[in-house]
>>> print(open('input.cif').read())   # mmCIF, C-alpha atoms
data_final
loop_
_atom_site.label_atom_id
_atom_site.label_comp_id
_atom_site.auth_asym_id
_atom_site.auth_seq_id
_atom_site.Cartn_x
_atom_site.Cartn_y
_atom_site.Cartn_z
CA VAL A 1 9.68 28.18 3.28
CA LYS A 2 7.13 26.08 5.12
CA VAL A 3 3.41 26.48 5.59
CA GLY A 4 4.04 27.31 9.24
CA ASP A 5 6.13 30.31 8.21
CA LEU A 6 2.98 31.97 6.87
CA THR A 7 0.42 33.57 9.12
CA GLU A 8 -2.98 31.97 9.07
CA SER A 9 -4.44 34.84 7.12
CA GLN A 10 -1.62 34.74 4.54
CA LEU A 11 -2.24 31.03 4.07
CA ARG A 12 -6.00 31.54 3.86
CA ARG A 13 -5.61 34.18 1.16
CA GLN A 14 -3.25 32.02 -0.83
CA LEU A 15 -5.49 28.97 -0.51
CA ALA A 16 -8.46 31.01 -1.69
CA ARG A 17 -6.61 32.13 -4.80
CA PRO A 18 -4.57 30.82 -6.56
CA GLY A 19 -3.89 27.94 -4.15
CA ILE A 20 -0.67 26.91 -2.49
CA VAL A 21 1.87 24.51 -3.98
CA LEU A 22 3.23 22.00 -1.49
CA GLY A 23 5.89 19.33 -1.75
CA ILE A 24 4.26 16.18 -0.39
CA GLY A 25 6.75 13.37 -0.76
CA PRO A 26 7.59 12.91 -4.45
CA PHE A 27 4.57 14.96 -5.53
CA LEU A 28 3.95 18.65 -6.03
CA VAL A 29 0.35 19.41 -5.15
CA ARG A 30 -1.49 22.67 -5.59
CA ILE A 31 -4.20 22.92 -2.94
CA ALA A 32 -6.94 25.50 -3.21
CA THR A 33 -9.93 26.07 -0.96
CA PRO A 34 -12.20 28.96 -0.10
CA LEU A 35 -13.23 27.19 3.14
CA ARG A 36 -11.96 29.07 6.19
CA PRO A 37 -12.21 26.19 8.70
CA LEU A 38 -10.13 24.02 6.36
CA ALA A 39 -7.53 26.78 5.98
CA THR A 40 -7.28 27.01 9.78
CA LEU A 41 -6.71 23.26 10.06
CA LEU A 42 -4.14 23.21 7.29
CA HIS A 43 -2.23 26.01 8.98
CA HIS A 44 -1.99 23.81 12.05
CA LEU A 45 -1.66 20.29 10.60
CA TYR A 46 0.30 21.08 7.42
CA ALA A 47 2.69 23.49 9.18
CA ASP A 48 5.83 21.48 8.34
CA TYR A 49 5.21 20.98 4.62
CA PRO A 50 7.57 22.88 2.33
CA ILE A 51 5.98 25.36 -0.03
CA GLY A 52 7.01 24.25 -3.50
CA PRO A 53 8.02 26.32 -6.48
CA ALA A 54 4.88 27.70 -8.13
CA ASP A 55 6.50 27.18 -11.54
CA GLY A 56 7.37 23.49 -10.89
CA VAL A 57 5.60 20.65 -12.65
CA ILE A 58 2.53 20.16 -10.50
CA ASP A 59 1.26 16.61 -10.22
CA PHE A 60 -2.20 17.37 -8.85
CA HIS A 61 -4.24 20.59 -8.85
CA VAL A 62 -6.78 19.93 -6.12
CA ARG A 63 -9.55 22.01 -4.66
CA VAL A 64 -11.97 21.46 -1.81
CA ASP A 65 -15.06 23.62 -1.79
CA GLY A 66 -18.67 23.59 -0.72
CA ALA A 67 -21.85 23.27 -2.73
CA ALA A 68 -23.06 26.29 -4.67
CA GLY A 69 -26.46 27.98 -4.31
CA PRO A 70 -28.97 27.39 -1.48
CA ARG A 71 -27.55 23.92 -0.85
CA ARG A 72 -24.60 25.72 0.73
CA TRP A 73 -26.84 26.45 3.77
CA LEU A 74 -29.49 23.75 3.54
CA ARG A 75 -27.25 20.76 3.12
CA PRO A 76 -23.59 21.75 3.08
CA GLN A 77 -21.20 19.55 1.19
CA ALA A 78 -17.47 19.13 0.88
CA ARG A 79 -16.50 18.59 -2.74
CA PHE A 80 -13.10 17.46 -3.91
CA ARG A 81 -11.88 18.38 -7.35
CA VAL A 82 -8.72 17.46 -9.17
CA ASP A 83 -7.79 19.30 -12.34
CA GLY A 84 -11.29 20.77 -12.33
CA ARG A 85 -13.06 17.41 -12.25
CA MET A 86 -14.97 15.86 -9.37
CA PRO A 87 -14.05 12.14 -9.38
CA LEU A 88 -15.60 11.37 -5.99
CA GLU A 89 -19.07 11.94 -4.60
CA PRO A 90 -19.28 14.97 -2.29
CA ILE A 91 -19.50 14.29 1.44
CA GLN A 92 -21.01 16.20 4.34
CA GLY A 93 -19.79 19.76 4.55
CA HIS A 94 -18.06 19.48 7.91
CA LEU A 95 -15.79 16.72 6.51
CA HIS A 96 -13.61 19.11 4.49
CA LEU A 97 -10.28 17.82 5.82
CA PRO A 98 -11.18 14.14 5.34
CA ALA A 99 -12.35 15.10 1.82
CA LEU A 100 -8.93 16.58 1.08
CA GLU A 101 -7.04 13.61 2.53
CA TRP A 102 -9.19 10.96 0.84
CA GLY A 103 -9.15 12.93 -2.38
CA LEU A 104 -5.34 13.09 -2.37
CA ASN A 105 -5.22 9.35 -1.70
CA TRP A 106 -7.46 8.84 -4.71
CA CYS A 107 -5.20 11.02 -6.91
CA ILE A 108 -2.10 9.11 -5.93
CA ALA A 109 -3.67 5.64 -6.23
CA ALA A 110 -5.23 6.48 -9.59
CA ARG A 111 -2.25 8.13 -11.19
CA ALA A 112 1.15 7.43 -9.67
CA HIS A 113 1.82 4.38 -11.80
CA PHE A 114 5.49 5.19 -12.18
CA LEU A 115 5.77 3.53 -8.75
CA LEU A 116 4.53 0.27 -7.29
CA MET A 117 2.00 1.30 -4.67
CA LEU A 118 1.32 -1.01 -1.76
CA HIS A 119 -1.47 -0.37 0.69
CA ALA A 120 0.98 -0.27 3.53
CA ALA A 121 2.42 1.86 6.28
CA VAL A 122 6.19 2.26 6.18
CA VAL A 123 8.58 3.33 8.93
CA GLU A 124 12.38 3.41 8.86
CA ARG A 125 15.25 3.21 11.31
CA GLY A 126 18.93 3.07 10.41
CA GLY A 127 18.12 3.11 6.69
CA LYS A 128 15.98 -0.05 6.83
CA ALA A 129 12.23 0.02 6.73
CA ILE A 130 9.40 -2.10 8.02
CA LEU A 131 6.58 -2.39 5.53
CA LEU A 132 3.24 -2.94 7.22
CA PRO A 133 0.78 -4.01 4.53
CA ALA A 134 -2.74 -4.30 5.83
CA TRP A 135 -6.37 -3.97 4.98
CA SER A 136 -8.74 -1.49 6.63
CA GLY A 137 -9.50 -2.18 10.24
CA HIS A 138 -6.34 -4.17 10.92
CA GLY A 139 -4.77 -1.49 13.11
CA LYS A 140 -2.14 -0.36 10.60
CA SER A 141 -2.51 3.37 11.25
CA THR A 142 -2.49 3.01 15.03
CA LEU A 143 0.65 0.91 14.94
CA CYS A 144 2.25 3.23 12.42
CA ALA A 145 1.45 6.29 14.56
CA ALA A 146 2.98 4.65 17.61
CA LEU A 147 6.11 3.57 15.71
CA ALA A 148 6.51 7.04 14.18
CA HIS A 149 6.72 8.41 17.72
CA SER A 150 8.98 5.67 19.08
CA GLY A 151 12.26 6.17 17.26
CA TRP A 152 11.10 5.20 13.78
CA ARG A 153 10.84 7.70 10.92
CA LEU A 154 7.47 7.84 9.23
CA LEU A 155 7.67 7.25 5.49
CA CYS A 156 3.96 6.88 4.99
CA ASP A 157 0.86 5.55 6.66
CA GLU A 158 -1.11 4.66 3.55
CA PHE A 159 1.21 4.03 0.60
CA GLY A 160 4.28 1.85 0.41
CA LEU A 161 5.87 3.47 -2.64
CA VAL A 162 8.42 1.19 -4.28
CA ARG A 163 10.61 2.67 -7.00
CA PRO A 164 11.20 0.46 -10.04
CA GLY A 165 14.86 0.23 -10.92
CA ASP A 166 16.31 0.07 -7.45
CA GLY A 167 13.41 -1.04 -5.24
CA ALA A 168 13.92 1.92 -2.88
CA LEU A 169 11.01 3.06 -0.71
CA LEU A 170 9.94 6.65 -1.24
CA PRO A 171 8.65 8.69 1.68
CA LEU A 172 5.19 10.21 1.46
CA PRO A 173 4.64 11.60 4.95
CA ARG A 174 0.98 12.51 5.28
CA LEU A 175 -1.50 13.03 8.09
CA ILE A 176 -2.32 9.73 9.79
CA PRO A 177 -6.09 9.21 10.04
CA LEU A 178 -6.95 7.53 13.33
CA LYS A 179 -10.33 5.94 13.73
CA ASP A 180 -12.72 5.54 16.66
CA GLN A 181 -11.02 4.01 19.70
CA SER A 182 -7.55 4.43 18.16
CA ILE A 183 -7.90 8.17 18.73
CA GLY A 184 -8.07 7.70 22.51
CA VAL A 185 -5.35 5.06 22.47
CA ILE A 186 -2.92 7.39 20.69
CA ARG A 187 -3.88 10.42 22.78
CA GLU A 188 -3.06 8.42 25.89
CA LEU A 189 0.12 6.81 24.53
CA LEU A 190 1.50 9.94 22.88
CA PRO A 191 0.41 12.98 24.87
CA GLY A 192 2.83 15.19 22.90
CA ALA A 193 1.46 14.19 19.49
CA VAL A 194 -0.51 16.80 17.53
CA LEU A 195 -4.00 15.67 16.60
CA GLY A 196 -6.61 17.56 14.65
CA PRO A 197 -10.30 17.69 15.59
CA GLU A 198 -12.51 14.64 15.61
CA PHE A 199 -14.77 14.23 12.59
CA PRO A 200 -17.73 12.07 13.54
CA GLY A 201 -20.09 10.56 11.01
CA THR A 202 -17.69 9.52 8.28
CA ARG A 203 -18.24 6.22 6.51
CA LYS A 204 -15.23 4.96 8.48
CA GLY A 205 -16.56 6.17 11.83
CA THR A 206 -15.03 9.03 13.78
CA ILE A 207 -11.70 10.21 12.40
CA ALA A 208 -8.96 12.42 13.81
CA HIS A 209 -5.76 13.21 11.95
CA LEU A 210 -2.35 12.94 13.51
CA ARG A 211 0.25 15.41 12.26
CA PRO A 212 3.38 13.62 10.97
CA PRO A 213 6.50 14.25 13.05
CA THR A 214 8.42 17.32 11.78
CA ASP A 215 11.50 15.22 11.07
CA SER A 216 9.61 12.87 8.75
CA ILE A 217 8.61 15.78 6.51
CA ALA A 218 12.07 17.39 6.66
CA ARG A 219 13.60 14.08 5.47
CA ALA A 220 10.99 13.36 2.81
CA ALA A 221 13.65 13.14 0.09
CA GLU A 222 15.57 10.36 1.92
CA THR A 223 14.60 6.96 0.59
CA ALA A 224 14.91 3.74 2.60
CA ARG A 225 15.71 0.11 1.86
CA PRO A 226 13.00 -2.46 2.59
CA GLY A 227 14.02 -4.54 5.60
CA TRP A 228 10.99 -6.42 6.89
CA LEU A 229 7.45 -7.20 5.85
CA VAL A 230 5.07 -7.33 8.77
CA PHE A 231 1.34 -7.96 8.28
CA PRO A 232 -0.32 -6.52 11.37
CA ARG A 233 -3.69 -7.42 12.72
CA TRP A 234 -5.20 -5.89 15.83
CA GLN A 235 -7.62 -8.24 17.55
CA ALA A 236 -9.37 -7.47 20.82
CA GLY A 237 -7.98 -9.58 23.65
CA ALA A 238 -5.47 -11.44 21.45
CA SER A 239 -2.15 -12.36 22.93
CA LEU A 240 0.87 -11.21 21.00
CA SER A 241 2.01 -13.41 18.16
CA LEU A 242 4.74 -12.71 15.61
CA GLU A 243 4.97 -15.66 13.25
CA PRO A 244 7.26 -16.03 10.25
CA MET A 245 5.44 -16.35 6.93
CA ALA A 246 6.36 -18.57 4.00
CA ARG A 247 7.64 -16.72 0.94
CA ALA A 248 5.15 -17.69 -1.77
CA GLU A 249 2.30 -16.93 0.64
CA THR A 250 3.95 -13.57 1.36
CA PHE A 251 4.19 -12.83 -2.36
CA LEU A 252 0.46 -13.41 -2.79
CA ASN A 253 -0.34 -11.22 0.19
CA VAL A 254 1.85 -8.37 -1.03
CA ALA A 255 0.64 -8.58 -4.64
CA THR A 256 -3.04 -8.63 -3.73
CA ASN A 257 -2.46 -5.75 -1.34
CA ALA A 258 -0.93 -3.51 -4.04
CA PHE A 259 -3.01 -0.77 -5.65
CA ASN A 260 -1.47 -1.22 -9.09
CA TYR A 261 0.09 -4.70 -9.40
CA GLU A 262 -1.89 -5.46 -12.56
CA VAL A 263 -1.14 -2.08 -14.09
CA LEU A 264 2.62 -2.52 -13.75
CA GLY A 265 2.63 -6.19 -14.80
CA GLU A 266 6.12 -7.62 -15.09
CA THR A 267 7.70 -4.65 -13.28
CA ALA A 268 5.40 -5.29 -10.31
CA PHE A 269 6.22 -9.00 -10.36
CA GLU A 270 9.94 -8.23 -10.24
CA LEU A 271 9.55 -5.68 -7.45
CA VAL A 272 7.34 -7.89 -5.29
CA ALA A 273 9.61 -10.90 -5.86
CA GLY A 274 12.58 -8.72 -4.86
CA LEU A 275 10.82 -7.58 -1.70
CA VAL A 276 9.87 -11.11 -0.72
CA GLU A 277 13.39 -12.38 -1.45
CA THR A 278 15.13 -9.75 0.65
CA CYS A 279 12.69 -9.13 3.49
CA PRO A 280 11.81 -11.70 6.11
CA ALA A 281 8.04 -11.63 6.53
CA TYR A 282 5.92 -11.98 9.65
CA SER A 283 2.32 -12.04 10.63
CA LEU A 284 1.73 -9.91 13.72
CA THR A 285 -1.40 -10.30 15.82
CA TYR A 286 -1.76 -8.05 18.84
CA SER A 287 -4.15 -6.34 21.17
CA ASP A 288 -1.65 -4.41 23.29
CA LEU A 289 0.14 -1.69 21.34
CA GLY A 290 3.09 -1.56 23.77
CA GLU A 291 3.70 -5.29 23.33
CA ALA A 292 3.57 -4.95 19.55
CA LEU A 293 6.13 -2.11 19.66
CA SER A 294 8.48 -4.17 21.84
CA ALA A 295 8.15 -7.20 19.59
CA LEU A 296 9.01 -5.16 16.49
CA ASP A 297 11.87 -3.47 18.31
CA GLN A 298 13.27 -6.82 19.35
CA LEU A 299 12.82 -8.30 15.88
CA THR A 300 14.57 -5.46 14.09
CA THR A 301 17.28 -4.85 16.69
CA HIS A 302 18.16 -8.52 16.76
CA ALA A 303 18.32 -8.63 12.97
CA THR A 304 20.62 -5.62 12.60
CA LEU B 1 7.40 -17.06 -18.15
CA ARG B 2 9.08 -15.38 -15.18
CA TRP B 3 9.60 -17.43 -12.06
CA ALA B 4 10.06 -16.82 -8.36
CA ALA B 5 10.47 -20.10 -6.54
CA TRP B 6 10.49 -20.80 -2.82
CA GLU B 7 10.07 -23.79 -0.56
CA ASP B 8 6.32 -23.35 -0.18
CA GLY B 9 5.68 -22.91 -3.88
CA CYS B 10 6.34 -20.90 -6.91
CA ILE B 11 4.95 -17.72 -8.43
CA VAL B 12 4.87 -17.61 -12.20
CA PHE B 13 4.32 -14.46 -14.19
CA GLN B 14 3.08 -15.03 -17.69
CA VAL B 15 4.44 -12.19 -19.77
CA ARG B 16 2.00 -12.71 -22.67
CA SER B 17 -1.18 -12.48 -20.59
CA GLY B 18 0.18 -10.35 -17.74
CA GLU B 19 -1.24 -12.89 -15.29
CA THR B 20 0.38 -14.16 -12.12
CA HIS B 21 -0.14 -17.72 -10.89
CA TYR B 22 0.69 -19.54 -7.70
CA LEU B 23 1.88 -23.13 -8.09
CA ASN B 24 2.33 -25.52 -5.23
CA PRO B 25 5.66 -27.41 -5.20
CA THR B 26 4.24 -30.29 -7.31
CA GLY B 27 2.70 -27.96 -9.87
CA ALA B 28 5.94 -26.00 -10.05
CA TYR B 29 7.92 -29.21 -10.57
CA VAL B 30 5.70 -30.36 -13.43
CA LEU B 31 5.61 -26.98 -15.19
CA GLN B 32 9.38 -26.63 -14.87
CA ALA B 33 9.81 -30.10 -16.38
CA LEU B 34 7.63 -29.07 -19.32
CA VAL B 35 9.50 -25.84 -19.81
CA SER B 36 12.81 -27.72 -20.04
CA ALA B 37 11.47 -30.32 -22.48
CA PRO B 38 8.10 -31.31 -23.92
CA ALA B 39 6.72 -34.48 -22.34
CA ASP B 40 3.52 -36.52 -22.28
CA GLU B 41 1.47 -37.61 -19.28
CA SER B 42 3.28 -40.90 -18.76
CA GLN B 43 6.73 -39.32 -18.94
CA LEU B 44 5.69 -36.67 -16.45
CA ALA B 45 4.15 -39.29 -14.17
CA ARG B 46 7.41 -41.24 -14.27
CA GLN B 47 9.47 -38.15 -13.38
CA LEU B 48 7.10 -37.10 -10.62
CA GLY B 49 6.91 -40.66 -9.31
CA LEU B 50 10.70 -40.76 -9.05
CA GLN B 51 10.69 -37.42 -7.30
CA LEU B 52 8.11 -38.58 -4.75
CA GLY B 53 9.48 -42.11 -4.44
CA ARG B 54 6.28 -43.62 -5.85
CA SER B 55 5.42 -45.76 -8.81
CA ALA B 56 4.72 -44.05 -12.14
CA ALA B 57 1.74 -46.34 -12.53
CA ASP B 58 0.25 -44.93 -9.35
CA GLU B 59 -3.31 -43.95 -10.30
CA GLU B 60 -3.22 -40.99 -7.99
CA ILE B 61 -0.12 -39.56 -9.66
CA LEU B 62 -1.55 -40.06 -13.14
CA ALA B 63 -4.81 -38.38 -12.16
CA HIS B 64 -2.88 -35.53 -10.59
CA ILE B 65 -0.79 -35.03 -13.73
CA ASP B 66 -3.93 -35.07 -15.88
CA ALA B 67 -5.58 -32.45 -13.72
CA LEU B 68 -2.46 -30.27 -13.69
CA LEU B 69 -2.04 -30.41 -17.46
CA ALA B 70 -5.69 -29.53 -18.00
CA ARG B 71 -5.37 -26.57 -15.67
CA PHE B 72 -2.09 -25.37 -17.22
CA GLN B 73 -3.67 -25.55 -20.64
CA GLU B 74 -6.73 -23.66 -19.47
CA LEU B 75 -4.45 -20.91 -18.14
CA GLY B 76 -2.50 -20.80 -21.39
CA LEU B 77 0.69 -21.87 -19.66
CA ILE B 78 1.19 -24.87 -21.96
CA GLU B 79 0.01 -25.95 -25.36
CA PRO B 80 -0.51 -29.46 -26.70
CA LYS B 81 2.06 -30.48 -29.27
CA PRO B 82 0.59 -29.97 -32.77
CA THR B 83 -0.03 -33.14 -34.76
CA LEU B 84 -0.14 -33.66 -38.54
CA GLU B 85 -3.92 -33.55 -38.32
CA GLY B 86 -3.86 -30.27 -36.40
CA ARG B 87 -4.77 -29.77 -32.74
#
>>> encode(input="input.cif", output="C-alpha cells")
Amino acid sequence: VKVGDLTESQLRRQLARPGIVLGIGPFLVRIATPLRPLATLLHHLYADYPIGPADGVIDFHVRVDGAAGPRRWLRPQARFRVDGRMPLEPIQGHLHLPALEWGLNWCIAARAHFLLMLHAAVVERGGKAILLPAWSGHGKSTLCAALAHSGWRLLCDEFGLVRPGDGALLPLPRLIPLKDQSIGVIRELLPGAVLGPEFPGTRKGTIAHLRPPTDSIARAAETARPGWLVFPRWQAGASLSLEPMARAETFLNVATNAFNYEVLGETAFELVAGLVETCPAYSLTYSDLGEALSALDQLTTHAT
Amino acid sequence: LRWAAWEDGCIVFQVRSGETHYLNPTGAYVLQALVSAPADESQLARQLGLQLGRSAADEEILAHIDALLARFQELGLIEPKPTLEGR
C-alpha cells in the first residue's frame, strides 16, 4: 500500500495520530503531524512511498508541529522532533515541509553510521552509478534532477550511502530540493516533473521540492555498483569541462565530503579507497545543463 | 598503517590514531622505506638520492629528509629508535 492509495483525509487523520510509517530507502520512518497544509503536501509529494509495517523496527519517530500557545498565531513556527526531542531550532511556520526534509536529513546524518554517508547525489543506469559529491551551491541537485528524468534512476540527491562489506550503493529516494533559479530551470527542462510549492525566505533562499520519479521509489531495494565519481560545479557562463582527476586528490575530496568518515575510521578508509580504485573520477564544470547531461551520457556510454 | 597508493601520492590510515594522511610521492617513498626497515637520515638520503638520480650529499635532499622525519614523528607515524640512555 502506498501513500497515494489513501485519500487525503485518511492520510491527514493518520498523520495526526498515531503517525504513518513509511519505507524511505533502508529506513522505516514514522511521520506525525497535526498540520493540515503539510498533510496535503505529503499526500501529493509522498504519494509513491510504501506504507511500512506499523510493527516493524522504526528507525526514526519524527513529528512536525507548530508552536503552542499564543505564539501559534503571533509568530508561527515549524518545529521538528525526533523521538520526542527537538534537535534543531524551529523555523518559520510556513516552512513545515522544509522542516520535515531537513529534519530527516539531520536524523540520517546523525545516526546512520552503519553506512558510509557521502554528501552526494547518486543516479544509476544499467546497474552502475554515478556519484556526484558536491558542496552546497555547486548545482548537484539541479543536475541530479535532470539526470533522474533523463534515463537515469535516482538513488538519492543528498546521501551517497555506501554499504560496508560489499561497497554497494543503497537507494534513498527523497524529494529533491531545488533552490532559486534552479526551480525555473527544471520547470522549463522537465515540464512533466512534479514540483511542490515554492517556499521563499529559507536560509537557503527559495526552495521547491521535486517529487522523485515513481520508478525510483518502486526500486528502492535495488542497490547499485559505483561506476564513476563526478564532482560537479555549476558556474555562470562557464564552458563545459570534464577533466579526469588524480586518485589521491580524489580520495581527499571524497573523504572530506563524507558525513561520517571519522566516525567509521578504518572502514571508511577501506570504502573510500575502494571507490577511488574502481571509479574513474572527473571534475565537471558547466553552465548549460543540457551540455552537462550530454557529456555524462557520452562518458558513461563510452565506458560501458 | 593502511595504505592506498597512486601515482599522485599515497593515503595512509593510521589505525592507532584513526587519522588519515596524504603523502606526496617522495613522502610516501620515505615512509615506505622506514616501514620496511629502520634507517637513519643519511641512509634515507642515499636511497632517495638514488631514486631521484641525485647525490646523497645533496643539501636539498638532506634537508628534505630532515623535514619529513620531523613531520612523521610529529604525526606519530614513526618513532626514533630507543638508545641505552633512553629517548
>>> atom_distance(input="input.cif", atom1="CA of Leu132 (chain A)", atom2="CA of Cys144 (chain A)")
8.1 Å
>>> residues_near_point(input="input.cif", point="(3.9, 8.7, -12.0)", cutoff="12 Å", atoms="only C-alpha atoms", output="list in words")
Pro26, Phe27, Leu28, Ile58, Asp59, Phe60, Cys107, Ile108, Ala109, Ala110, Arg111, Ala112, His113, Phe114, Leu115, Leu116, Met117, Leu161, Val162, Arg163, Pro164, Asn260 and Leu264 of chain A
>>> resolve_selection(input="input.cif", expression="the PyMOL selection byres ((chain A) within 7 of (chain B))", output="count of residues only")
7
>>> residues_around(input="input.cif", residues="Asp66 (chain B)", least_positions_apart="5", cutoff="12 Å", atoms="all atoms listed in the file", output="PDB file with C-alpha atoms, in the coordinates of the input")
ATOM      1  CA  GLY B  27       2.700 -27.960  -9.870  1.00  0.00           C
ATOM      2  CA  VAL B  30       5.700 -30.360 -13.430  1.00  0.00           C
ATOM      3  CA  ASP B  40       3.520 -36.520 -22.280  1.00  0.00           C
ATOM      4  CA  GLU B  41       1.470 -37.610 -19.280  1.00  0.00           C
ATOM      5  CA  SER B  42       3.280 -40.900 -18.760  1.00  0.00           C
ATOM      6  CA  GLN B  43       6.730 -39.320 -18.940  1.00  0.00           C
ATOM      7  CA  LEU B  44       5.690 -36.670 -16.450  1.00  0.00           C
ATOM      8  CA  ALA B  45       4.150 -39.290 -14.170  1.00  0.00           C
ATOM      9  CA  GLU B  59      -3.310 -43.950 -10.300  1.00  0.00           C
ATOM     10  CA  GLU B  60      -3.220 -40.990  -7.990  1.00  0.00           C
ATOM     11  CA  ILE B  61      -0.120 -39.560  -9.660  1.00  0.00           C
ATOM     12  CA  ARG B  71      -5.370 -26.570 -15.670  1.00  0.00           C
ATOM     13  CA  PHE B  72      -2.090 -25.370 -17.220  1.00  0.00           C
ATOM     14  CA  GLN B  73      -3.670 -25.550 -20.640  1.00  0.00           C
TER      15      GLN B  73
END
>>> resolve_selection(input="input.cif", expression="the PyMOL selection byres ((chain A and resi 167-175) around 8)", output="ChimeraX atom specification")
/A:24-26,45,101,154-157,159-166,176-177,209-212,216-217,220-226,271,274-275
>>> residues_near_point(input="input.cif", point="(8.2, -3.4, 6.5)", cutoff="7 Å", atoms="all atoms listed in the file", output="PDB file with C-alpha atoms, keeping the file's coordinate frame")
ATOM      1  CA  VAL A 122       6.190   2.260   6.180  1.00  0.00           C
ATOM      2  CA  ALA A 129      12.230   0.020   6.730  1.00  0.00           C
ATOM      3  CA  ILE A 130       9.400  -2.100   8.020  1.00  0.00           C
ATOM      4  CA  LEU A 131       6.580  -2.390   5.530  1.00  0.00           C
ATOM      5  CA  LEU A 132       3.240  -2.940   7.220  1.00  0.00           C
ATOM      6  CA  PRO A 226      13.000  -2.460   2.590  1.00  0.00           C
ATOM      7  CA  GLY A 227      14.020  -4.540   5.600  1.00  0.00           C
ATOM      8  CA  TRP A 228      10.990  -6.420   6.890  1.00  0.00           C
ATOM      9  CA  LEU A 229       7.450  -7.200   5.850  1.00  0.00           C
ATOM     10  CA  VAL A 230       5.070  -7.330   8.770  1.00  0.00           C
TER      11      VAL A 230
END
>>> atom_distance(input="input.cif", atom1="CA of Tyr282 (chain A)", atom2="CA of Ala120 (chain A)")
14.1 Å
>>> resolve_selection(input="input.cif", expression="the PyMOL selection byres ((chain A and resi 86-99) around 7)", output="ChimeraX atom specification")
/A:38,64,66,76-82,84-85,100-103,199
>>> residues_around(input="input.cif", residues="Asn257 (chain A)", least_positions_apart="5", cutoff="8 Å", atoms="only C-alpha atoms", output="PyMOL selection string")
chain A and resi 118-119+133-135
>>> closest_residue(input="input.cif", among="A:Ala258, A:Val3, A:Val185, A:Asp288", to="Leu41 (chain A)", atoms="all atoms listed in the file")
A:Val3
>>> atom_distance(input="input.cif", atom1="CA of Gln10 (chain A)", atom2="CA of Arg63 (chain A)")
17.6 Å
>>> residues_around(input="input.cif", residues="Lys179 (chain A)", least_positions_apart="6", cutoff="10 Å", atoms="all atoms listed in the file", output="PyMOL selection string")
chain A and resi 137+139+141-142+198-200+202+204-209
>>> closest_residue(input="input.cif", among="A:Gly126, A:Gly192, A:Pro213, A:Pro34", to="Arg13 (chain A)", atoms="only C-alpha atoms")
A:Pro34
>>> closest_residue(input="input.cif", among="B:Leu31, B:Leu77, B:Ser36, B:Thr26", to="Gly49 (chain B)", atoms="only C-alpha atoms")
B:Thr26
>>> decode(input="input.cif", residues="region 26-37 of chain A", atoms="N, CA, C and O atoms", output="mmCIF file, in the first residue's frame")
data_model
loop_
_atom_site.group_PDB
_atom_site.id
_atom_site.type_symbol
_atom_site.label_atom_id
_atom_site.label_comp_id
_atom_site.auth_asym_id
_atom_site.auth_seq_id
_atom_site.Cartn_x
_atom_site.Cartn_y
_atom_site.Cartn_z
ATOM 1 N N PRO A 26 16.475 2.561 3.043
ATOM 2 C CA PRO A 26 16.693 1.498 4.033
ATOM 3 C C PRO A 26 16.064 1.804 5.397
ATOM 4 O O PRO A 26 16.238 1.034 6.335
ATOM 5 N N PHE A 27 15.367 2.917 5.513
ATOM 6 C CA PHE A 27 14.852 3.335 6.824
ATOM 7 C C PHE A 27 13.332 3.208 6.908
ATOM 8 O O PHE A 27 12.619 3.426 5.928
ATOM 9 N N LEU A 28 12.871 2.890 8.110
ATOM 10 C CA LEU A 28 11.438 2.973 8.394
ATOM 11 C C LEU A 28 11.254 4.219 9.250
ATOM 12 O O LEU A 28 11.895 4.357 10.305
ATOM 13 N N VAL A 29 10.394 5.104 8.785
ATOM 14 C CA VAL A 29 10.222 6.385 9.467
ATOM 15 C C VAL A 29 8.752 6.562 9.828
ATOM 16 O O VAL A 29 7.883 6.396 8.972
ATOM 17 N N ARG A 30 8.510 6.882 11.072
ATOM 18 C CA ARG A 30 7.128 7.220 11.439
ATOM 19 C C ARG A 30 7.009 8.737 11.425
ATOM 20 O O ARG A 30 7.736 9.436 12.141
ATOM 21 N N ILE A 31 6.109 9.226 10.580
ATOM 22 C CA ILE A 31 5.937 10.681 10.462
ATOM 23 C C ILE A 31 4.587 11.049 11.074
ATOM 24 O O ILE A 31 3.565 10.439 10.736
ATOM 25 N N ALA A 32 4.613 12.035 11.954
ATOM 26 C CA ALA A 32 3.368 12.515 12.548
ATOM 27 C C ALA A 32 3.314 14.030 12.409
ATOM 28 O O ALA A 32 4.349 14.696 12.492
ATOM 29 N N THR A 33 2.143 14.541 12.139
ATOM 30 C CA THR A 33 1.971 16.000 12.119
ATOM 31 C C THR A 33 0.492 16.347 12.259
ATOM 32 O O THR A 33 -0.358 15.685 11.662
ATOM 33 N N PRO A 34 0.201 17.373 13.034
ATOM 34 C CA PRO A 34 -1.183 17.835 13.086
ATOM 35 C C PRO A 34 -1.441 18.934 12.038
ATOM 36 O O PRO A 34 -2.553 19.453 11.947
ATOM 37 N N LEU A 35 -0.404 19.290 11.272
ATOM 38 C CA LEU A 35 -0.513 20.441 10.362
ATOM 39 C C LEU A 35 -1.193 20.032 9.046
ATOM 40 O O LEU A 35 -0.644 19.240 8.283
ATOM 41 N N ARG A 36 -2.345 20.613 8.795
ATOM 42 C CA ARG A 36 -3.115 20.239 7.604
ATOM 43 C C ARG A 36 -2.385 20.557 6.294
ATOM 44 O O ARG A 36 -2.365 19.738 5.377
ATOM 45 N N PRO A 37 -1.790 21.765 6.182
ATOM 46 C CA PRO A 37 -1.119 22.066 4.899
ATOM 47 C C PRO A 37 0.010 21.082 4.611
ATOM 48 O O PRO A 37 0.242 20.714 3.461
#
